[in-house]
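Novice: So here's run-v6.txt (compact mmCIF, N, CA and C atoms).
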```txt
# COMPACT_ATOMS: atom_id res chain seq x y z
N PRO A 21 -44.60 48.45 17.45
CA PRO A 21 -45.56 49.04 18.38
C PRO A 21 -45.57 48.28 19.70
N ARG A 22 -45.53 49.01 20.79
CA ARG A 22 -45.53 48.35 22.09
C ARG A 22 -46.95 48.13 22.58
N GLU A 23 -47.11 47.07 23.32
CA GLU A 23 -48.42 46.80 23.91
C GLU A 23 -48.41 47.33 25.33
N ASP A 24 -49.48 47.98 25.73
CA ASP A 24 -49.59 48.45 27.10
C ASP A 24 -49.90 47.27 28.01
N THR A 25 -49.36 47.32 29.20
CA THR A 25 -49.65 46.29 30.19
C THR A 25 -51.04 46.56 30.77
N PRO A 26 -51.63 45.56 31.39
CA PRO A 26 -52.93 45.81 32.04
C PRO A 26 -52.86 46.94 33.08
N LEU A 27 -51.70 47.09 33.73
CA LEU A 27 -51.58 48.16 34.71
C LEU A 27 -51.62 49.52 34.03
N VAL A 28 -50.91 49.68 32.93
CA VAL A 28 -50.94 50.95 32.20
C VAL A 28 -52.36 51.24 31.73
N THR A 29 -53.04 50.24 31.23
CA THR A 29 -54.42 50.41 30.77
C THR A 29 -55.33 50.83 31.92
N ALA A 30 -55.21 50.16 33.07
CA ALA A 30 -56.05 50.48 34.23
C ALA A 30 -55.78 51.90 34.71
N LEU A 31 -54.51 52.30 34.73
CA LEU A 31 -54.19 53.67 35.15
C LEU A 31 -54.70 54.70 34.15
N ALA A 32 -54.62 54.38 32.87
CA ALA A 32 -55.10 55.30 31.84
C ALA A 32 -56.61 55.48 31.91
N GLU A 33 -57.32 54.44 32.31
CA GLU A 33 -58.78 54.50 32.39
C GLU A 33 -59.26 55.20 33.67
N TYR A 34 -58.39 55.35 34.64
CA TYR A 34 -58.78 55.91 35.93
C TYR A 34 -59.41 57.30 35.82
N PRO A 35 -58.82 58.26 35.10
CA PRO A 35 -59.44 59.60 35.04
C PRO A 35 -60.86 59.56 34.47
N HIS A 36 -61.10 58.70 33.50
CA HIS A 36 -62.44 58.59 32.92
C HIS A 36 -63.41 57.99 33.93
N ALA A 37 -62.96 56.97 34.65
CA ALA A 37 -63.81 56.35 35.67
C ALA A 37 -64.12 57.35 36.78
N LEU A 38 -63.13 58.14 37.16
CA LEU A 38 -63.33 59.14 38.20
C LEU A 38 -64.33 60.20 37.76
N ALA A 39 -64.19 60.68 36.53
CA ALA A 39 -65.12 61.69 36.00
C ALA A 39 -66.54 61.11 35.91
N HIS A 40 -66.65 59.88 35.45
CA HIS A 40 -67.96 59.23 35.35
C HIS A 40 -68.58 59.08 36.74
N ALA A 41 -67.78 58.63 37.70
CA ALA A 41 -68.28 58.44 39.06
C ALA A 41 -68.78 59.76 39.65
N ALA A 42 -68.04 60.84 39.40
CA ALA A 42 -68.43 62.14 39.92
C ALA A 42 -69.68 62.66 39.23
N ALA A 43 -69.74 62.54 37.91
CA ALA A 43 -70.86 63.07 37.15
C ALA A 43 -72.17 62.34 37.45
N HIS A 44 -72.05 61.05 37.71
CA HIS A 44 -73.26 60.24 37.91
C HIS A 44 -73.47 59.85 39.37
N ARG A 45 -72.68 60.44 40.24
CA ARG A 45 -72.76 60.11 41.66
C ARG A 45 -72.77 58.60 41.85
N ALA A 46 -71.74 57.97 41.27
CA ALA A 46 -71.64 56.50 41.26
C ALA A 46 -70.30 56.07 41.85
N PRO A 47 -70.18 56.11 43.17
CA PRO A 47 -68.91 55.72 43.78
C PRO A 47 -68.53 54.26 43.48
N ASP A 48 -69.52 53.44 43.16
CA ASP A 48 -69.22 52.05 42.82
C ASP A 48 -68.35 51.95 41.57
N ARG A 49 -68.52 52.89 40.64
CA ARG A 49 -67.71 52.91 39.42
C ARG A 49 -66.25 53.17 39.78
N LEU A 50 -66.02 54.09 40.69
CA LEU A 50 -64.67 54.38 41.14
C LEU A 50 -64.09 53.16 41.87
N ALA A 51 -64.89 52.54 42.72
CA ALA A 51 -64.42 51.37 43.45
C ALA A 51 -64.03 50.24 42.49
N ARG A 52 -64.82 50.02 41.46
CA ARG A 52 -64.50 48.96 40.49
C ARG A 52 -63.19 49.28 39.76
N GLN A 53 -62.96 50.54 39.44
CA GLN A 53 -61.72 50.91 38.76
C GLN A 53 -60.52 50.73 39.69
N LEU A 54 -60.70 51.04 40.96
CA LEU A 54 -59.61 50.83 41.91
C LEU A 54 -59.28 49.35 42.06
N VAL A 55 -60.29 48.51 42.01
CA VAL A 55 -60.05 47.06 42.05
C VAL A 55 -59.27 46.63 40.80
N ALA A 56 -59.61 47.19 39.65
CA ALA A 56 -58.88 46.86 38.42
C ALA A 56 -57.42 47.28 38.52
N VAL A 57 -57.17 48.46 39.08
CA VAL A 57 -55.79 48.93 39.26
C VAL A 57 -55.05 48.01 40.23
N ALA A 58 -55.68 47.68 41.35
CA ALA A 58 -55.03 46.82 42.35
C ALA A 58 -54.73 45.44 41.79
N ASP A 59 -55.68 44.87 41.06
CA ASP A 59 -55.45 43.54 40.45
C ASP A 59 -54.30 43.59 39.46
N ALA A 60 -54.27 44.63 38.64
CA ALA A 60 -53.20 44.76 37.66
C ALA A 60 -51.85 44.97 38.35
N LEU A 61 -51.84 45.73 39.43
CA LEU A 61 -50.60 45.95 40.18
C LEU A 61 -50.09 44.65 40.78
N LEU A 62 -50.98 43.84 41.32
CA LEU A 62 -50.57 42.56 41.89
C LEU A 62 -49.92 41.67 40.83
N ALA A 63 -50.47 41.67 39.63
CA ALA A 63 -49.90 40.86 38.55
C ALA A 63 -48.57 41.44 38.07
N PHE A 64 -48.38 42.73 38.20
CA PHE A 64 -47.21 43.43 37.68
C PHE A 64 -46.04 43.46 38.66
N GLN A 65 -46.33 43.41 39.95
CA GLN A 65 -45.33 43.71 40.97
C GLN A 65 -44.08 42.85 40.92
N HIS A 66 -44.17 41.63 40.45
CA HIS A 66 -43.00 40.76 40.43
C HIS A 66 -41.97 41.18 39.37
N THR A 67 -42.32 42.09 38.48
CA THR A 67 -41.39 42.54 37.44
C THR A 67 -40.65 43.81 37.83
N VAL A 68 -41.00 44.40 38.96
CA VAL A 68 -40.49 45.73 39.29
C VAL A 68 -39.01 45.74 39.66
N LEU A 69 -38.60 44.89 40.56
CA LEU A 69 -37.22 44.93 41.05
C LEU A 69 -36.36 43.88 40.37
N PRO A 70 -35.06 44.14 40.31
CA PRO A 70 -34.14 43.15 39.74
C PRO A 70 -34.15 41.87 40.57
N ARG A 71 -33.83 40.76 39.92
CA ARG A 71 -33.78 39.47 40.62
C ARG A 71 -32.35 38.96 40.67
N GLY A 72 -32.01 38.32 41.77
CA GLY A 72 -30.70 37.69 41.89
C GLY A 72 -29.57 38.65 41.63
N GLU A 73 -28.71 38.28 40.72
CA GLU A 73 -27.53 39.07 40.37
C GLU A 73 -27.82 40.13 39.32
N GLU A 74 -29.06 40.19 38.87
CA GLU A 74 -29.43 41.17 37.83
C GLU A 74 -29.21 42.59 38.35
N LYS A 75 -28.61 43.43 37.52
CA LYS A 75 -28.36 44.82 37.90
C LYS A 75 -29.58 45.68 37.57
N PRO A 76 -29.85 46.67 38.42
CA PRO A 76 -30.96 47.58 38.12
C PRO A 76 -30.72 48.30 36.79
N SER A 77 -31.79 48.44 36.04
CA SER A 77 -31.69 49.08 34.73
C SER A 77 -32.73 50.19 34.64
N ALA A 78 -32.69 50.89 33.52
CA ALA A 78 -33.69 51.94 33.28
C ALA A 78 -35.08 51.32 33.26
N ALA A 79 -35.20 50.11 32.74
CA ALA A 79 -36.51 49.44 32.71
C ALA A 79 -37.02 49.19 34.13
N HIS A 80 -36.13 48.81 35.04
CA HIS A 80 -36.55 48.60 36.42
C HIS A 80 -37.00 49.91 37.06
N ARG A 81 -36.28 50.98 36.76
CA ARG A 81 -36.67 52.28 37.32
C ARG A 81 -38.02 52.73 36.76
N ALA A 82 -38.26 52.45 35.49
CA ALA A 82 -39.55 52.80 34.89
C ALA A 82 -40.67 51.97 35.51
N ARG A 83 -40.41 50.69 35.73
CA ARG A 83 -41.42 49.83 36.36
C ARG A 83 -41.71 50.28 37.79
N LEU A 84 -40.66 50.69 38.51
CA LEU A 84 -40.85 51.18 39.87
C LEU A 84 -41.70 52.45 39.86
N ALA A 85 -41.43 53.34 38.92
CA ALA A 85 -42.23 54.57 38.82
C ALA A 85 -43.69 54.24 38.51
N LEU A 86 -43.91 53.24 37.66
CA LEU A 86 -45.28 52.82 37.34
C LEU A 86 -45.98 52.25 38.57
N ALA A 87 -45.26 51.44 39.34
CA ALA A 87 -45.83 50.88 40.57
C ALA A 87 -46.14 52.00 41.57
N GLU A 88 -45.25 52.99 41.68
CA GLU A 88 -45.51 54.12 42.57
C GLU A 88 -46.72 54.93 42.11
N ALA A 89 -46.89 55.08 40.81
CA ALA A 89 -48.06 55.79 40.28
C ALA A 89 -49.33 55.03 40.65
N ALA A 90 -49.28 53.72 40.54
CA ALA A 90 -50.45 52.92 40.91
C ALA A 90 -50.78 53.09 42.38
N GLY A 91 -49.75 53.12 43.22
CA GLY A 91 -49.98 53.33 44.65
C GLY A 91 -50.60 54.69 44.93
N THR A 92 -50.17 55.70 44.20
CA THR A 92 -50.73 57.04 44.36
C THR A 92 -52.20 57.06 43.95
N VAL A 93 -52.51 56.42 42.83
CA VAL A 93 -53.90 56.36 42.35
C VAL A 93 -54.77 55.62 43.37
N LEU A 94 -54.27 54.49 43.87
CA LEU A 94 -55.05 53.72 44.84
C LEU A 94 -55.28 54.52 46.12
N ALA A 95 -54.25 55.15 46.64
CA ALA A 95 -54.40 55.94 47.87
C ALA A 95 -55.36 57.11 47.66
N GLY A 96 -55.22 57.81 46.53
CA GLY A 96 -56.11 58.93 46.24
C GLY A 96 -57.55 58.50 46.05
N GLY A 97 -57.74 57.41 45.33
CA GLY A 97 -59.10 56.90 45.09
C GLY A 97 -59.76 56.43 46.38
N LEU A 98 -59.00 55.73 47.20
CA LEU A 98 -59.55 55.29 48.49
C LEU A 98 -59.91 56.48 49.36
N SER A 99 -59.07 57.50 49.33
CA SER A 99 -59.34 58.71 50.10
C SER A 99 -60.64 59.37 49.64
N LEU A 100 -60.85 59.42 48.32
CA LEU A 100 -62.10 59.99 47.80
C LEU A 100 -63.32 59.21 48.26
N LEU A 101 -63.12 57.90 48.45
CA LEU A 101 -64.23 57.06 48.92
C LEU A 101 -64.35 57.09 50.45
N GLY A 102 -63.45 57.83 51.10
CA GLY A 102 -63.50 57.93 52.57
C GLY A 102 -62.83 56.76 53.27
N ILE A 103 -61.93 56.08 52.57
CA ILE A 103 -61.24 54.92 53.14
C ILE A 103 -59.78 55.28 53.30
N ASP A 104 -59.23 55.05 54.49
CA ASP A 104 -57.82 55.32 54.72
C ASP A 104 -56.99 54.18 54.18
N ALA A 105 -56.00 54.52 53.36
CA ALA A 105 -55.07 53.52 52.84
C ALA A 105 -54.01 53.25 53.91
N PRO A 106 -53.59 52.00 54.06
CA PRO A 106 -52.54 51.73 55.03
C PRO A 106 -51.22 52.36 54.60
N ASP A 107 -50.38 52.71 55.57
CA ASP A 107 -49.07 53.27 55.24
C ASP A 107 -48.21 52.24 54.55
N HIS A 108 -48.33 51.00 54.95
CA HIS A 108 -47.61 49.90 54.32
C HIS A 108 -48.34 48.60 54.60
N LEU A 109 -48.00 47.60 53.85
CA LEU A 109 -48.62 46.28 54.06
C LEU A 109 -47.62 45.33 54.63
```
Can the structure from this file be put into structure tokens for me?
Specialist:
Amino acid sequence: PREDTPLVTALAEYPHALAHAAAHRAPDRLARQLVAVADALLAFQHTVLPRGEEKPSAAHRARLALAEAAGTVLAGGLSLLGIDAPDHL
């Protein structure tokens, strides 16, 4: 059995947090979930790309897709809160 990473867990919890925030008019709940996603992404980001002479693999492509999904969630969540996400950092 595989263990989910904190990023996968944070992304999986996002729809529930969004529904709760909408139902209870609690934007702070959405903001806290976005912080959880961002924190998990920061911890995860060093695993995304190959290092040194390492060749890109299917695992790297999957990690890149996961990082892109996190970016989409963060941009969408910030937009719902009325905050513009930067195009790049």
Novice: Using CA of Val28 (chain A) and CA of Ala51 (chain A) as the two end points, give the distance in Å to one decimal.
Specialist: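 Going from CA of Val28 (chain A) over to CA of Ala51 (chain A) covers 17.6 Å.
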Novice: Near region 79-85 of chain A, counting only N, CA and C atoms, which residues have an atom at most 6.5 Å away, once you skip same-chain residues fewer than 2 positions from it, shown as an NGL selection string?
Specialist: :A and (67-70 or 76-77 or 87-90)
Novice: Run DSSP on the backbone and give me the residues of region 22-58 of chain A it puts in helix (DSSP H, G or I), as a PyMOL selection string.
Specialist: chain A and resi 26-43+47-58
Novice: Please, what distance in Å, to one decimal, runs between atom N of Ala95 (chain A) and CA of Leu54 (chain A)?
Specialist: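 Those two atoms sit 8.4 Å apart.
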Novice: Ranking A:Ala43, A:Ala78, A:Leu27, A:Leu101 by minimum distance to Ala63 (chain A) and counting all atoms listed in the file, which one comes first?
Specialist: A:Leu27
Novice: Separation of CA of Ala41 (chain A) and atom C of Phe64 (chain A), in Å?
Specialist: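 It comes out at 26.8 Å.
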Novice: Kindly output region 40-51 of chain A as a compact mmCIF listing (two decimals), keeping the file's coordinate frame, after building all heavy atoms.
Specialist:
```txt
# COMPACT_ATOMS: atom_id res chain seq x y z
N HIS A 40 -66.65 59.88 35.45
CA HIS A 40 -67.96 59.23 35.35
C HIS A 40 -68.58 59.08 36.74
O HIS A 40 -69.78 59.34 36.93
CB HIS A 40 -67.83 57.87 34.67
CG HIS A 40 -69.13 57.16 34.49
ND1 HIS A 40 -69.64 56.31 35.44
CD2 HIS A 40 -70.04 57.19 33.48
CE1 HIS A 40 -70.80 55.83 35.03
NE2 HIS A 40 -71.06 56.36 33.84
N ALA A 41 -67.78 58.63 37.70
CA ALA A 41 -68.28 58.44 39.06
C ALA A 41 -68.78 59.76 39.65
O ALA A 41 -69.82 59.82 40.29
CB ALA A 41 -67.18 57.85 39.94
N ALA A 42 -68.04 60.84 39.40
CA ALA A 42 -68.43 62.14 39.92
C ALA A 42 -69.68 62.66 39.23
O ALA A 42 -70.61 63.16 39.87
CB ALA A 42 -67.29 63.13 39.77
N ALA A 43 -69.74 62.54 37.91
CA ALA A 43 -70.86 63.07 37.15
C ALA A 43 -72.17 62.34 37.45
O ALA A 43 -73.24 62.95 37.44
CB ALA A 43 -70.57 62.99 35.65
N HIS A 44 -72.05 61.05 37.71
CA HIS A 44 -73.26 60.24 37.91
C HIS A 44 -73.47 59.85 39.37
O HIS A 44 -74.34 59.01 39.65
CB HIS A 44 -73.19 59.00 37.03
CG HIS A 44 -73.14 59.33 35.57
ND1 HIS A 44 -74.25 59.73 34.86
CD2 HIS A 44 -72.11 59.34 34.70
CE1 HIS A 44 -73.91 59.97 33.61
NE2 HIS A 44 -72.61 59.75 33.48
N ARG A 45 -72.68 60.44 40.24
CA ARG A 45 -72.76 60.11 41.66
C ARG A 45 -72.77 58.60 41.85
O ARG A 45 -73.67 58.04 42.49
CB ARG A 45 -73.97 60.76 42.31
CG ARG A 45 -73.90 62.26 42.27
CD ARG A 45 -75.12 62.90 42.86
NE ARG A 45 -75.11 64.31 42.60
CZ ARG A 45 -75.03 65.23 43.56
NH1 ARG A 45 -74.94 64.87 44.80
NH2 ARG A 45 -75.03 66.50 43.24
N ALA A 46 -71.74 57.97 41.27
CA ALA A 46 -71.64 56.50 41.26
C ALA A 46 -70.30 56.07 41.85
O ALA A 46 -69.38 55.71 41.11
CB ALA A 46 -71.81 55.98 39.84
N PRO A 47 -70.18 56.11 43.17
CA PRO A 47 -68.91 55.72 43.78
C PRO A 47 -68.53 54.26 43.48
O PRO A 47 -67.36 53.91 43.50
CB PRO A 47 -69.11 55.95 45.27
CG PRO A 47 -70.58 55.97 45.46
CD PRO A 47 -71.17 56.47 44.17
N ASP A 48 -69.52 53.44 43.16
CA ASP A 48 -69.22 52.05 42.82
C ASP A 48 -68.35 51.95 41.57
O ASP A 48 -67.52 51.05 41.44
CB ASP A 48 -70.50 51.24 42.64
CG ASP A 48 -71.40 51.81 41.56
OD1 ASP A 48 -71.77 53.00 41.66
OD2 ASP A 48 -71.74 51.08 40.61
N ARG A 49 -68.52 52.89 40.64
CA ARG A 49 -67.71 52.91 39.42
C ARG A 49 -66.25 53.17 39.78
O ARG A 49 -65.34 52.53 39.26
CB ARG A 49 -68.23 53.98 38.46
CG ARG A 49 -67.42 54.17 37.21
CD ARG A 49 -67.51 52.96 36.29
NE ARG A 49 -66.82 53.20 35.05
CZ ARG A 49 -65.58 52.76 34.78
NH1 ARG A 49 -64.93 52.06 35.67
NH2 ARG A 49 -65.01 53.01 33.63
N LEU A 50 -66.02 54.09 40.69
CA LEU A 50 -64.67 54.38 41.14
C LEU A 50 -64.09 53.16 41.87
O LEU A 50 -62.94 52.78 41.64
CB LEU A 50 -64.66 55.60 42.06
CG LEU A 50 -63.32 55.99 42.68
CD1 LEU A 50 -62.26 56.23 41.60
CD2 LEU A 50 -63.48 57.20 43.57
N ALA A 51 -64.89 52.54 42.72
CA ALA A 51 -64.42 51.37 43.45
C ALA A 51 -64.03 50.24 42.49
O ALA A 51 -63.00 49.59 42.68
CB ALA A 51 -65.50 50.89 44.43
```
